[in-house]
file upload06.cif (mmCIF, C-alpha atoms (C1' of nucleotides))
data_upload
#
loop_
_atom_site.label_atom_id
_atom_site.label_comp_id
_atom_site.auth_asym_id
_atom_site.auth_seq_id
_atom_site.Cartn_x
_atom_site.Cartn_y
_atom_site.Cartn_z
CA MET B 1 55.28 74.35 80.95
CA ASN B 2 54.79 77.93 81.99
CA GLY B 3 57.29 80.22 83.61
CA SER B 4 56.37 79.90 87.24
CA THR B 5 56.23 76.10 87.39
CA ASN B 6 59.63 76.18 85.80
CA ILE B 7 60.93 78.40 88.59
CA GLU B 8 59.14 76.47 91.27
CA ALA B 9 60.83 73.32 90.03
CA LYS B 10 64.15 75.12 90.27
CA TYR B 11 63.39 76.15 93.83
CA GLN B 12 62.32 72.64 94.80
CA ALA B 13 65.39 71.09 93.23
CA TYR B 14 67.60 73.55 95.09
CA GLN B 15 65.85 72.80 98.36
CA GLN B 16 66.45 69.10 97.91
CA GLN B 17 70.07 69.47 96.86
CA HIS B 18 70.84 71.63 99.87
CA ASN B 19 68.70 69.79 102.40
CA LEU B 20 66.71 72.88 103.23
CA ARG B 21 63.86 72.66 105.69
CA SER B 22 60.56 74.14 104.76
CA SER B 23 60.23 77.71 105.90
CA LYS B 24 57.04 79.72 105.76
CA ARG B 25 58.93 82.98 105.58
CA ARG B 26 61.23 81.94 102.76
CA ASP B 27 58.32 80.40 100.85
CA PHE B 28 56.34 83.56 101.31
CA ILE B 29 59.17 85.69 99.98
CA PHE B 30 59.49 83.30 97.08
CA LYS B 31 55.80 83.57 96.22
CA HIS B 32 55.98 87.31 96.49
CA ILE B 33 58.89 87.76 94.11
CA LEU B 34 57.04 85.68 91.52
CA THR B 35 54.36 88.36 91.39
CA ILE B 36 56.82 91.14 90.65
CA SER B 37 57.57 92.15 87.11
CA GLY B 38 60.74 94.13 86.61
CA HIS B 39 63.37 95.01 89.17
CA PHE B 40 63.12 95.29 92.87
CA THR B 41 65.34 96.00 95.84
CA ILE B 42 65.67 94.12 99.12
CA ASP B 43 64.05 96.96 100.93
CA GLN B 44 61.01 96.96 98.69
CA ILE B 45 60.46 93.29 99.44
CA TYR B 46 60.99 93.86 103.11
CA GLN B 47 58.55 96.78 103.22
CA HIS B 48 55.91 94.75 101.47
CA ILE B 49 56.29 91.59 103.54
CA ALA B 50 56.53 93.47 106.81
CA LYS B 51 53.02 94.80 106.28
CA ILE B 52 51.65 91.27 106.27
CA ASP B 53 54.15 89.68 108.65
CA PRO B 54 55.43 92.45 110.92
CA ASP B 55 57.74 90.18 112.90
CA ILE B 56 59.97 89.38 109.95
CA GLY B 57 63.51 90.71 110.13
CA ILE B 58 65.31 92.25 107.22
CA ALA B 59 68.10 89.71 107.67
CA THR B 60 65.65 86.99 106.69
CA VAL B 61 64.88 88.79 103.47
CA TYR B 62 68.58 89.19 102.77
CA ARG B 63 69.18 85.52 103.46
CA ALA B 64 66.28 84.42 101.25
CA ILE B 65 67.19 86.67 98.34
CA LYS B 66 70.81 85.59 98.53
CA LEU B 67 69.69 82.01 98.43
CA PHE B 68 67.51 82.67 95.38
CA VAL B 69 70.44 84.29 93.64
CA ASP B 70 72.57 81.28 94.46
CA ALA B 71 69.82 79.04 93.11
CA ASN B 72 69.86 81.18 89.97
CA ILE B 73 66.21 82.03 90.47
CA LEU B 74 67.09 85.69 90.72
CA ILE B 75 69.66 87.82 88.95
CA GLU B 76 71.42 90.50 90.89
CA HIS B 77 72.23 93.82 89.29
CA ARG B 78 74.28 96.72 90.54
CA PHE B 79 73.56 99.65 88.31
CA GLY B 80 76.38 101.76 89.65
CA ASP B 81 74.51 102.23 92.90
CA LYS B 82 75.66 100.46 96.00
CA LYS B 83 72.21 99.00 96.38
CA GLY B 84 71.39 95.68 94.72
CA PHE B 85 68.57 95.30 92.22
CA TYR B 86 67.03 91.93 91.58
CA GLU B 87 64.88 90.37 88.94
CA ILE B 88 63.55 86.93 88.12
CA ASN B 89 65.74 84.79 85.88
CA GLN B 90 62.89 83.22 84.03
CA GLU B 91 64.01 81.37 80.96
CA ASN B 92 60.90 81.90 78.93
CA PHE B 93 60.79 85.58 79.65
CA GLN B 94 61.97 87.74 76.83
CA GLU B 95 65.71 88.18 76.90
CA HIS B 96 66.33 91.79 77.72
CA GLY B 97 68.97 94.28 78.59
CA HIS B 98 68.95 97.60 80.39
CA LEU B 99 69.53 101.18 79.38
CA ILE B 100 70.55 103.27 82.35
CA CYS B 101 70.53 107.05 82.36
CA ARG B 102 73.50 108.21 84.38
CA GLN B 103 71.83 111.51 85.05
CA CYS B 104 68.37 110.68 86.37
CA GLY B 105 68.95 106.99 87.09
CA LYS B 106 66.07 105.82 84.97
CA ILE B 107 66.22 102.18 83.86
CA VAL B 108 64.65 101.18 80.56
CA GLU B 109 64.31 97.57 79.47
CA TYR B 110 64.61 96.49 75.89
CA PRO B 111 64.46 93.09 74.21
CA ILE B 112 67.76 91.71 73.00
CA PRO B 113 67.11 88.46 71.16
CA GLU B 114 70.58 88.65 69.60
CA ILE B 115 72.14 87.73 72.90
CA LYS B 116 71.29 84.01 72.83
CA GLU B 117 73.45 83.43 69.81
CA ILE B 118 76.36 85.34 71.33
CA GLN B 119 75.94 83.43 74.57
CA GLN B 120 76.10 80.08 72.82
CA LYS B 121 79.16 81.16 70.90
CA LYS B 122 80.95 82.16 74.11
CA GLU B 123 79.90 78.98 75.86
CA ARG B 124 81.55 76.91 73.18
CA GLU B 125 84.56 79.16 72.86
CA PHE B 126 85.40 79.36 76.57
CA ASN B 127 83.91 76.11 77.78
CA PHE B 128 81.76 77.97 80.27
CA LYS B 129 78.33 76.87 81.40
CA ILE B 130 76.45 80.16 81.25
CA ASP B 131 73.23 80.53 83.18
CA SER B 132 72.56 84.25 83.11
CA PHE B 133 73.67 87.43 81.45
CA LYS B 134 73.46 91.19 81.65
CA VAL B 135 73.65 93.70 78.85
CA GLU B 136 73.68 97.25 80.03
CA PHE B 137 74.09 100.49 78.16
CA PHE B 138 74.87 103.67 80.03
CA GLY B 139 74.22 107.13 78.78
CA ILE B 140 71.87 110.07 78.92
CA CYS B 141 68.19 109.67 78.19
CA ARG B 142 66.17 111.91 75.91
CA GLU B 143 64.54 113.84 78.74
CA CYS B 144 67.88 114.65 80.35
CA LEU B 145 69.39 115.60 76.99
CA GLU B 146 66.57 118.08 76.48
CA LYS B 147 67.01 119.52 79.95
CA GLN B 148 70.69 120.08 79.19
CA LYS B 149 69.85 122.12 76.11
CA LYS B 150 67.77 124.58 78.08
CA MET G 1 95.06 109.78 67.17
CA ASN G 2 95.99 107.05 69.55
CA GLY G 3 94.06 105.83 72.56
CA SER G 4 95.74 107.76 75.31
CA THR G 5 95.67 111.17 73.63
CA ASN G 6 92.00 110.51 73.12
CA ILE G 7 91.54 109.96 76.83
CA GLU G 8 93.77 112.84 77.76
CA ALA G 9 91.62 115.10 75.64
CA LYS G 10 88.57 113.79 77.48
CA TYR G 11 90.21 114.55 80.79
CA GLN G 12 91.22 118.04 79.72
CA ALA G 13 87.77 118.80 78.37
CA TYR G 14 86.24 117.64 81.63
CA GLN G 15 88.65 119.75 83.65
CA GLN G 16 87.69 122.83 81.67
CA GLN G 17 83.95 122.18 81.79
CA HIS G 18 84.03 121.73 85.54
CA ASN G 19 86.56 124.44 86.33
CA LEU G 20 88.92 122.01 87.99
CA ARG G 21 92.23 123.24 89.25
CA SER G 22 95.33 121.31 88.42
CA SER G 23 96.16 118.71 91.01
CA LYS G 24 99.35 116.71 91.13
CA ARG G 25 97.70 113.84 92.94
CA ARG G 26 94.75 113.56 90.60
CA ASP G 27 97.03 113.84 87.58
CA PHE G 28 99.29 111.16 88.97
CA ILE G 29 96.37 108.82 89.53
CA PHE G 30 95.23 109.59 86.00
CA LYS G 31 98.62 108.74 84.54
CA HIS G 32 98.77 105.57 86.57
CA ILE G 33 95.41 104.21 85.45
CA LEU G 34 96.45 104.72 81.83
CA THR G 35 99.20 102.17 82.34
CA ILE G 36 96.84 99.49 83.61
CA SER G 37 95.34 96.96 81.26
CA GLY G 38 92.28 95.17 82.49
CA HIS G 39 90.37 95.74 85.71
CA PHE G 40 91.50 97.23 88.94
CA THR G 41 90.08 98.14 92.32
CA ILE G 42 90.43 101.36 94.29
CA ASP G 43 92.60 99.62 96.79
CA GLN G 44 95.03 98.40 94.16
CA ILE G 45 95.48 101.97 92.94
CA TYR G 46 95.87 103.24 96.46
CA GLN G 47 98.45 100.59 97.37
CA HIS G 48 100.47 101.41 94.28
CA ILE G 49 100.37 105.18 94.65
CA ALA G 50 101.02 105.09 98.39
CA LYS G 51 104.40 103.48 97.72
CA ILE G 52 105.48 106.50 95.71
CA ASP G 53 103.51 109.16 97.58
CA PRO G 54 103.00 107.86 101.13
CA ASP G 55 101.05 110.89 102.30
CA ILE G 56 98.17 110.35 99.93
CA GLY G 57 94.86 109.45 101.53
CA ILE G 58 92.55 106.80 100.20
CA ALA G 59 89.77 109.41 100.05
CA THR G 60 91.73 111.21 97.35
CA VAL G 61 91.85 108.05 95.30
CA TYR G 62 88.13 107.56 95.75
CA ARG G 63 87.48 111.15 94.74
CA ALA G 64 89.70 110.92 91.67
CA ILE G 65 88.29 107.62 90.47
CA LYS G 66 84.74 108.84 90.98
CA LEU G 67 85.57 111.90 88.95
CA PHE G 68 87.02 109.76 86.17
CA VAL G 69 83.87 107.66 86.12
CA ASP G 70 81.80 110.80 85.91
CA ALA G 71 84.00 112.00 83.07
CA ASN G 72 83.38 108.65 81.39
CA ILE G 73 87.09 107.95 81.38
CA LEU G 74 86.56 104.88 83.52
CA ILE G 75 83.78 102.32 83.61
CA GLU G 76 82.69 100.99 86.94
CA HIS G 77 81.75 97.34 87.34
CA ARG G 78 80.25 95.50 90.27
CA PHE G 79 80.62 91.83 89.61
CA GLY G 80 78.27 90.79 92.40
CA ASP G 81 80.88 91.80 94.95
CA LYS G 82 80.40 94.91 97.00
CA LYS G 83 83.74 96.13 95.79
CA GLY G 84 83.93 98.21 92.64
CA PHE G 85 86.07 97.21 89.66
CA TYR G 86 87.20 99.79 87.16
CA GLU G 87 88.58 99.82 83.69
CA ILE G 88 89.44 102.36 81.06
CA ASN G 89 86.66 103.32 78.67
CA GLN G 90 88.92 103.69 75.70
CA GLU G 91 87.01 103.93 72.48
CA ASN G 92 89.61 102.39 70.26
CA PHE G 93 90.16 99.49 72.59
CA GLN G 94 88.52 96.32 71.44
CA GLU G 95 84.91 96.19 72.58
CA HIS G 96 84.71 93.41 75.09
CA GLY G 97 82.47 91.75 77.61
CA HIS G 98 83.10 89.64 80.68
CA LEU G 99 82.53 86.05 81.58
CA ILE G 100 82.32 85.64 85.33
CA CYS G 101 82.54 82.29 87.09
CA ARG G 102 80.17 82.39 90.01
CA GLN G 103 82.11 79.67 91.74
CA CYS G 104 85.74 80.82 91.70
CA GLY G 105 85.11 84.46 90.75
CA LYS G 106 87.38 84.35 87.73
CA ILE G 107 86.79 87.06 85.15
CA VAL G 108 87.52 86.33 81.50
CA GLU G 109 87.40 89.00 78.83
CA TYR G 110 86.25 88.32 75.30
CA PRO G 111 85.80 90.52 72.27
CA ILE G 112 82.24 91.36 71.32
CA PRO G 113 82.29 93.36 68.09
CA GLU G 114 78.56 92.66 67.64
CA ILE G 115 77.76 95.11 70.40
CA LYS G 116 78.38 98.28 68.40
CA GLU G 117 75.56 97.52 66.03
CA ILE G 118 73.17 96.71 68.88
CA GLN G 119 74.21 99.88 70.68
CA GLN G 120 73.48 102.04 67.65
CA LYS G 121 70.12 100.38 67.20
CA LYS G 122 69.17 101.08 70.81
CA GLU G 123 70.41 104.62 70.63
CA ARG G 124 68.07 105.32 67.73
CA GLU G 125 65.20 103.35 69.17
CA PHE G 126 65.24 104.94 72.63
CA ASN G 127 66.77 108.31 71.86
CA PHE G 128 69.53 107.67 74.34
CA LYS G 129 73.05 109.00 74.05
CA ILE G 130 75.01 105.90 75.00
CA ASP G 131 78.60 106.26 76.11
CA SER G 132 79.44 102.92 77.63
CA PHE G 133 78.16 99.40 77.95
CA LYS G 134 78.62 96.15 79.81
CA VAL G 135 77.97 92.65 78.61
CA GLU G 136 78.39 90.05 81.28
CA PHE G 137 77.76 86.36 81.24
CA PHE G 138 77.60 84.45 84.49
CA GLY G 139 78.15 80.76 84.85
CA ILE G 140 80.62 78.08 85.81
CA CYS G 141 84.03 77.90 84.21
CA ARG G 142 85.62 74.78 82.83
CA GLU G 143 87.92 74.28 85.79
CA CYS G 144 85.08 74.49 88.29
CA LEU G 145 82.92 72.19 86.17
CA GLU G 146 85.68 69.61 86.25
CA LYS G 147 86.11 69.96 89.99
CA GLN G 148 82.40 69.31 90.43
CA LYS G 149 82.59 66.04 88.53
CA LYS G 150 85.22 64.64 90.86
"C1'" DA S 1 67.40 65.74 120.11
"C1'" DT S 2 69.55 67.83 116.45
"C1'" DT S 3 70.13 71.17 113.26
"C1'" DC S 4 68.26 74.66 110.47
"C1'" DG S 5 65.75 79.13 110.29
"C1'" DT S 6 65.08 83.57 112.38
"C1'" DG S 7 65.14 88.23 114.93
"C1'" DC S 8 67.96 91.27 116.84
"C1'" DA S 9 71.80 93.98 117.19
"C1'" DA S 10 76.49 94.39 116.42
"C1'" DA S 11 79.95 94.01 113.10
"C1'" DT S 12 81.77 94.49 108.47
"C1'" DG S 13 83.49 96.55 104.40
"C1'" DC S 14 83.35 99.76 100.90
"C1'" DT S 15 82.51 104.40 100.12
"C1'" DT S 16 81.37 109.18 101.29
"C1'" DT S 17 81.70 113.35 103.91
"C1'" DG S 18 82.70 117.20 107.40
"C1'" DC S 19 86.25 119.76 108.79
"C1'" DA S 20 90.54 122.12 109.04
"C1'" DC S 21 94.31 123.13 106.41
"C1'" DC S 22 96.92 123.65 102.02
"C1'" DC S 23 97.42 125.08 97.46
"C1'" DA S 24 96.16 126.89 92.77
"C1'" DC S 25 94.27 130.67 90.59
"C1'" DG Y 1 91.63 136.04 99.20
"C1'" DT Y 2 88.47 132.74 97.36
"C1'" DG Y 3 87.30 128.38 96.46
"C1'" DG Y 4 88.89 123.92 95.02
"C1'" DG Y 5 91.94 119.82 96.66
"C1'" DT Y 6 93.43 116.83 100.44
"C1'" DG Y 7 94.22 113.96 104.81
"C1'" DC Y 8 92.12 112.36 108.54
"C1'" DA Y 9 88.68 110.39 111.07
"C1'" DA Y 10 83.96 109.86 111.56
"C1'" DA Y 11 79.79 108.81 109.42
"C1'" DG Y 12 76.84 106.32 106.07
"C1'" DC Y 13 74.77 102.58 103.99
"C1'" DA Y 14 73.91 98.07 102.29
"C1'" DT Y 15 74.89 93.73 103.68
"C1'" DT Y 16 76.56 89.98 106.73
"C1'" DT Y 17 77.08 87.56 110.98
"C1'" DG Y 18 77.15 85.89 116.04
"C1'" DC Y 19 74.12 84.54 119.24
"C1'" DA Y 20 70.16 82.76 121.56
"C1'" DC Y 21 65.79 81.05 120.71
"C1'" DG Y 22 62.04 78.85 118.04
"C1'" DA Y 23 60.70 75.55 114.55
"C1'" DA Y 24 61.17 71.56 111.40
"C1'" DT Y 25 62.78 66.87 110.98
#
call {"tool": "encode", "arguments": {"input": "upload06.cif", "output": "structure tokens"}}
result
Amino acid sequence: MNGSTNIEAKYQAYQQQHNLRSSKRRDFIFKHILTISGHFTIDQIYQHIAKIDPDIGIATVYRAIKLFVDANILIEHRFGDKKGFYEINQENFQEHGHLICRQCGKIVEYPIPEIKEIQQKKEREFNFKIDSFKVEFFGICRECLEKQKK
Amino acid sequence: MNGSTNIEAKYQAYQQQHNLRSSKRRDFIFKHILTISGHFTIDQIYQHIAKIDPDIGIATVYRAIKLFVDANILIEHRFGDKKGFYEINQENFQEHGHLICRQCGKIVEYPIPEIKEIQQKKEREFNFKIDSFKVEFFGICRECLEKQKK
DNA sequence: ATTCGTGCAAATGCTTTGCACCCAC
DNA sequence: GTGGGTGCAAAGCATTTGCACGAAT
């Protein structure tokens, strides 16, 4: 089973559980987010879709993305900004965290395989059913450190 | 050296570096946040301070808290909400992460001593100067799981 | 027919900012 | 006196929502 069928199954299951009607716009947004690697914002999605389907409203994008977050298809991040960042919660993607530079805002991804073990430990310990995680480090990146020296 | 002198030193250093003047209000907010364990919101601080100093404006609280975040005295969290949550970034506090129930919104803290090692590894690997981190797990808590069964 | 999905614009809620005034240096 | 600190109200910005209409069942 590859990643996208896995996610599609999740979407279909969610649609059934919530008695959703089929919607071309929502399906189109869904297909589009599958093609994105890394993070994106609502506005990026909206800009892209609006080129192909100019009548779409940004509210529809908000509603769709919110639904995908609820369905645990997407993970929402707020890296200190007020704006939301989203990324696919694909189980067979590499587990990763984020390094955020608080000076230039750059976001670097890094693999963090250690997290699975910690997650399982916490699940047992707190009797929580965990379905996503975030590991974020904040600091100053090399480039900004060098700029400071000058 | 205990935790609060550590933080006070951080505050003083920041004040000097940024040529801040002394401010009774900012200092009072500073002292107040030191007494709080766990997370708080801007509004909670404002409500508390306004009882003692009714003339204070909420903008002052925002400005002070933002400054403390910039000084790395506070860590800002956004647990999916639009509202910001804050907590002290006290180095000799126990390193901890958060478990967030996406159903009832409950936030549980847990120790995560493993993180220091990971942090150091990433610092070396990416040449980042890391000064704070977040580890968050999202899922459904025991109580909500039990409610679902019924 | 009924109810969900959508566009639009208004509303919301947190946060920031411009301005006039006050206060520390 | 100069420039930071503050209260107030207005503005900003991302996000949500009420409403009327169109589309799916």
call {"tool": "residues_around", "arguments": {"input": "upload06.cif", "residues": "Thr35 of chain B", "least_positions_apart": "2", "cutoff": "12 Å", "atoms": "only C-alpha atoms (C1' of nucleotides)", "output": "PyMOL selection string"}}
result
chain B and resi 3-4+28-33+37-40+45+87-88
call {"tool": "write_last_selection", "arguments": {"input": "upload06.cif", "atoms": "C-alpha atoms", "output": "mmCIF file, in the frame of the given file"}}
result
data_model
loop_
_atom_site.group_PDB
_atom_site.id
_atom_site.type_symbol
_atom_site.label_atom_id
_atom_site.label_comp_id
_atom_site.auth_asym_id
_atom_site.auth_seq_id
_atom_site.Cartn_x
_atom_site.Cartn_y
_atom_site.Cartn_z
ATOM 1 C CA GLY B 3 57.290 80.220 83.610
ATOM 2 C CA SER B 4 56.370 79.900 87.240
ATOM 3 C CA PHE B 28 56.340 83.560 101.310
ATOM 4 C CA ILE B 29 59.170 85.690 99.980
ATOM 5 C CA PHE B 30 59.490 83.300 97.080
ATOM 6 C CA LYS B 31 55.800 83.570 96.220
ATOM 7 C CA HIS B 32 55.980 87.310 96.490
ATOM 8 C CA ILE B 33 58.890 87.760 94.110
ATOM 9 C CA SER B 37 57.570 92.150 87.110
ATOM 10 C CA GLY B 38 60.740 94.130 86.610
ATOM 11 C CA HIS B 39 63.370 95.010 89.170
ATOM 12 C CA PHE B 40 63.120 95.290 92.870
ATOM 13 C CA ILE B 45 60.460 93.290 99.440
ATOM 14 C CA GLU B 87 64.880 90.370 88.940
ATOM 15 C CA ILE B 88 63.550 86.930 88.120
#
call {"tool": "resolve_selection", "arguments": {"input": "upload06.cif", "expression": "the PyMOL selection byres ((chain Y) within 10 of (chain B))", "output": "PyMOL selection string"}}
result
chain Y and resi 13-17+23-25
call {"tool": "atom_distance", "arguments": {"input": "upload06.cif", "atom1": "atom CA of Phe79 of chain B", "atom2": "atom CA of Lys121 of chain B"}}
result
26.0 Å
call {"tool": "resolve_selection", "arguments": {"input": "upload06.cif", "expression": "the PyMOL selection byres ((chain S) within 9 of (chain B))", "output": "list in words"}}
result
DC4, DG5, DT6, DG7, DC8 and DT15 of chain S
call {"tool": "write_last_selection", "arguments": {"input": "upload06.cif", "atoms": "C-alpha atoms (C1' of nucleotides)", "output": "PDB file, keeping the file's coordinate frame"}}
result
ATOM      1  C1'  DC S   4      68.260  74.660 110.470  1.00  0.00           C
ATOM      2  C1'  DG S   5      65.750  79.130 110.290  1.00  0.00           C
ATOM      3  C1'  DT S   6      65.080  83.570 112.380  1.00  0.00           C
ATOM      4  C1'  DG S   7      65.140  88.230 114.930  1.00  0.00           C
ATOM      5  C1'  DC S   8      67.960  91.270 116.840  1.00  0.00           C
ATOM      6  C1'  DT S  15      82.510 104.400 100.120  1.00  0.00           C
TER       7       DT S  15
END
call {"tool": "calpha_fit_and_write", "arguments": {"input": "upload06.cif", "fixed": "chain G", "moving": "chain B", "output": "tab-separated table (two decimals) with C-alpha atoms, in the frame of the given file"}}
result
chain	number	residue	atom	x	y	z
B	1	MET	CA	95.09	109.69	67.11
B	2	ASN	CA	96.02	106.99	69.56
B	3	GLY	CA	94.10	105.87	72.59
B	4	SER	CA	95.81	107.80	75.32
B	5	THR	CA	95.75	111.21	73.64
B	6	ASN	CA	92.09	110.58	73.11
B	7	ILE	CA	91.60	110.00	76.83
B	8	GLU	CA	93.84	112.86	77.80
B	9	ALA	CA	91.72	115.15	75.66
B	10	LYS	CA	88.66	113.86	77.47
B	11	TYR	CA	90.28	114.58	80.81
B	12	GLN	CA	91.32	118.07	79.75
B	13	ALA	CA	87.89	118.87	78.40
B	14	TYR	CA	86.32	117.69	81.65
B	15	GLN	CA	88.72	119.79	83.68
B	16	GLN	CA	87.81	122.87	81.71
B	17	GLN	CA	84.08	122.26	81.82
B	18	HIS	CA	84.15	121.80	85.58
B	19	ASN	CA	86.70	124.49	86.38
B	20	LEU	CA	89.01	122.04	88.07
B	21	ARG	CA	92.33	123.23	89.41
B	22	SER	CA	95.41	121.31	88.55
B	23	SER	CA	96.21	118.68	91.11
B	24	LYS	CA	99.40	116.66	91.20
B	25	ARG	CA	97.72	113.81	93.00
B	26	ARG	CA	94.78	113.53	90.64
B	27	ASP	CA	97.07	113.83	87.62
B	28	PHE	CA	99.29	111.15	89.03
B	29	ILE	CA	96.37	108.81	89.55
B	30	PHE	CA	95.25	109.58	86.03
B	31	LYS	CA	98.65	108.73	84.57
B	32	HIS	CA	98.76	105.57	86.59
B	33	ILE	CA	95.42	104.22	85.44
B	34	LEU	CA	96.49	104.74	81.83
B	35	THR	CA	99.23	102.17	82.35
B	36	ILE	CA	96.84	99.50	83.59
B	37	SER	CA	95.36	97.00	81.21
B	38	GLY	CA	92.29	95.19	82.44
B	39	HIS	CA	90.37	95.76	85.65
B	40	PHE	CA	91.48	97.23	88.88
B	41	THR	CA	90.05	98.12	92.26
B	42	ILE	CA	90.37	101.33	94.25
B	43	ASP	CA	92.53	99.58	96.75
B	44	GLN	CA	94.97	98.37	94.14
B	45	ILE	CA	95.45	101.92	92.94
B	46	TYR	CA	95.82	103.17	96.46
B	47	GLN	CA	98.39	100.51	97.35
B	48	HIS	CA	100.43	101.33	94.30
B	49	ILE	CA	100.34	105.11	94.68
B	50	ALA	CA	100.98	105.00	98.40
B	51	LYS	CA	104.34	103.38	97.76
B	52	ILE	CA	105.46	106.41	95.78
B	53	ASP	CA	103.48	109.07	97.65
B	54	PRO	CA	102.93	107.76	101.18
B	55	ASP	CA	101.00	110.82	102.34
B	56	ILE	CA	98.11	110.26	99.96
B	57	GLY	CA	94.79	109.37	101.56
B	58	ILE	CA	92.47	106.75	100.21
B	59	ALA	CA	89.70	109.36	100.05
B	60	THR	CA	91.69	111.16	97.38
B	61	VAL	CA	91.81	108.02	95.29
B	62	TYR	CA	88.08	107.55	95.74
B	63	ARG	CA	87.43	111.14	94.75
B	64	ALA	CA	89.68	110.92	91.68
B	65	ILE	CA	88.26	107.62	90.46
B	66	LYS	CA	84.72	108.86	90.95
B	67	LEU	CA	85.57	111.91	88.93
B	68	PHE	CA	87.03	109.78	86.14
B	69	VAL	CA	83.88	107.70	86.08
B	70	ASP	CA	81.82	110.85	85.87
B	71	ALA	CA	84.04	112.05	83.04
B	72	ASN	CA	83.41	108.69	81.37
B	73	ILE	CA	87.12	107.97	81.35
B	74	LEU	CA	86.55	104.91	83.47
B	75	ILE	CA	83.78	102.35	83.55
B	76	GLU	CA	82.68	100.99	86.87
B	77	HIS	CA	81.72	97.36	87.24
B	78	ARG	CA	80.20	95.50	90.14
B	79	PHE	CA	80.56	91.83	89.44
B	80	GLY	CA	78.26	90.75	92.22
B	81	ASP	CA	80.85	91.76	94.78
B	82	LYS	CA	80.34	94.83	96.86
B	83	LYS	CA	83.69	96.11	95.71
B	84	GLY	CA	83.90	98.21	92.55
B	85	PHE	CA	86.04	97.22	89.59
B	86	TYR	CA	87.19	99.81	87.11
B	87	GLU	CA	88.57	99.83	83.63
B	88	ILE	CA	89.47	102.41	81.02
B	89	ASN	CA	86.69	103.37	78.61
B	90	GLN	CA	88.94	103.73	75.64
B	91	GLU	CA	87.04	103.98	72.41
B	92	ASN	CA	89.62	102.39	70.21
B	93	PHE	CA	90.12	99.48	72.52
B	94	GLN	CA	88.46	96.32	71.40
B	95	GLU	CA	84.87	96.17	72.53
B	96	HIS	CA	84.67	93.40	75.06
B	97	GLY	CA	82.46	91.76	77.57
B	98	HIS	CA	83.10	89.68	80.65
B	99	LEU	CA	82.52	86.08	81.60
B	100	ILE	CA	82.34	85.68	85.35
B	101	CYS	CA	82.59	82.35	87.12
B	102	ARG	CA	80.24	82.44	90.07
B	103	GLN	CA	82.22	79.75	91.80
B	104	CYS	CA	85.83	80.91	91.74
B	105	GLY	CA	85.21	84.53	90.76
B	106	LYS	CA	87.45	84.41	87.74
B	107	ILE	CA	86.82	87.11	85.13
B	108	VAL	CA	87.53	86.36	81.48
B	109	GLU	CA	87.39	89.01	78.78
B	110	TYR	CA	86.21	88.31	75.29
B	111	PRO	CA	85.76	90.51	72.24
B	112	ILE	CA	82.20	91.35	71.32
B	113	PRO	CA	82.21	93.31	68.08
B	114	GLU	CA	78.49	92.61	67.64
B	115	ILE	CA	77.68	95.05	70.39
B	116	LYS	CA	78.26	98.25	68.39
B	117	GLU	CA	75.43	97.47	66.04
B	118	ILE	CA	73.07	96.66	68.90
B	119	GLN	CA	74.11	99.84	70.68
B	120	GLN	CA	73.35	101.98	67.66
B	121	LYS	CA	70.00	100.30	67.23
B	122	LYS	CA	69.06	101.02	70.85
B	123	GLU	CA	70.29	104.58	70.62
B	124	ARG	CA	67.94	105.25	67.74
B	125	GLU	CA	65.08	103.28	69.22
B	126	PHE	CA	65.13	104.88	72.67
B	127	ASN	CA	66.66	108.23	71.84
B	128	PHE	CA	69.43	107.64	74.34
B	129	LYS	CA	72.95	108.95	73.99
B	130	ILE	CA	74.95	105.87	74.97
B	131	ASP	CA	78.54	106.27	76.05
B	132	SER	CA	79.40	102.92	77.57
B	133	PHE	CA	78.14	99.40	77.90
B	134	LYS	CA	78.61	96.17	79.78
B	135	VAL	CA	77.94	92.65	78.60
B	136	GLU	CA	78.40	90.08	81.28
B	137	PHE	CA	77.77	86.37	81.29
B	138	PHE	CA	77.63	84.48	84.55
B	139	GLY	CA	78.19	80.81	84.95
B	140	ILE	CA	80.68	78.15	85.90
B	141	CYS	CA	84.06	77.96	84.24
B	142	ARG	CA	85.64	74.80	82.88
B	143	GLU	CA	87.99	74.34	85.82
B	144	CYS	CA	85.17	74.56	88.34
B	145	LEU	CA	82.99	72.23	86.27
B	146	GLU	CA	85.76	69.65	86.34
B	147	LYS	CA	86.22	70.03	90.08
B	148	GLN	CA	82.50	69.38	90.54
B	149	LYS	CA	82.73	66.10	88.67
B	150	LYS	CA	85.36	64.73	91.02
call {"tool": "resolve_selection", "arguments": {"input": "upload06.cif", "expression": "the PyMOL selection byres ((chain B) within 10 of (chain G))", "output": "count of residues only"}}
result
49
call {"tool": "atom_distance", "arguments": {"input": "upload06.cif", "atom1": "atom CA of Ala64 of chain G", "atom2": "atom C1' of DG5 of chain Y"}}
result
10.4 Å
call {"tool": "residues_around", "arguments": {"input": "upload06.cif", "residues": "segment 5-15 of chain B", "least_positions_apart": "6", "cutoff": "8 Å", "atoms": "all atoms listed in the file", "output": "ChimeraX atom specification"}}
result
/B:21,68,71,73,90
call {"tool": "atom_distance", "arguments": {"input": "upload06.cif", "atom1": "atom CA of Gln44 of chain B", "atom2": "atom CA of Val61 of chain B"}}
result
10.2 Å
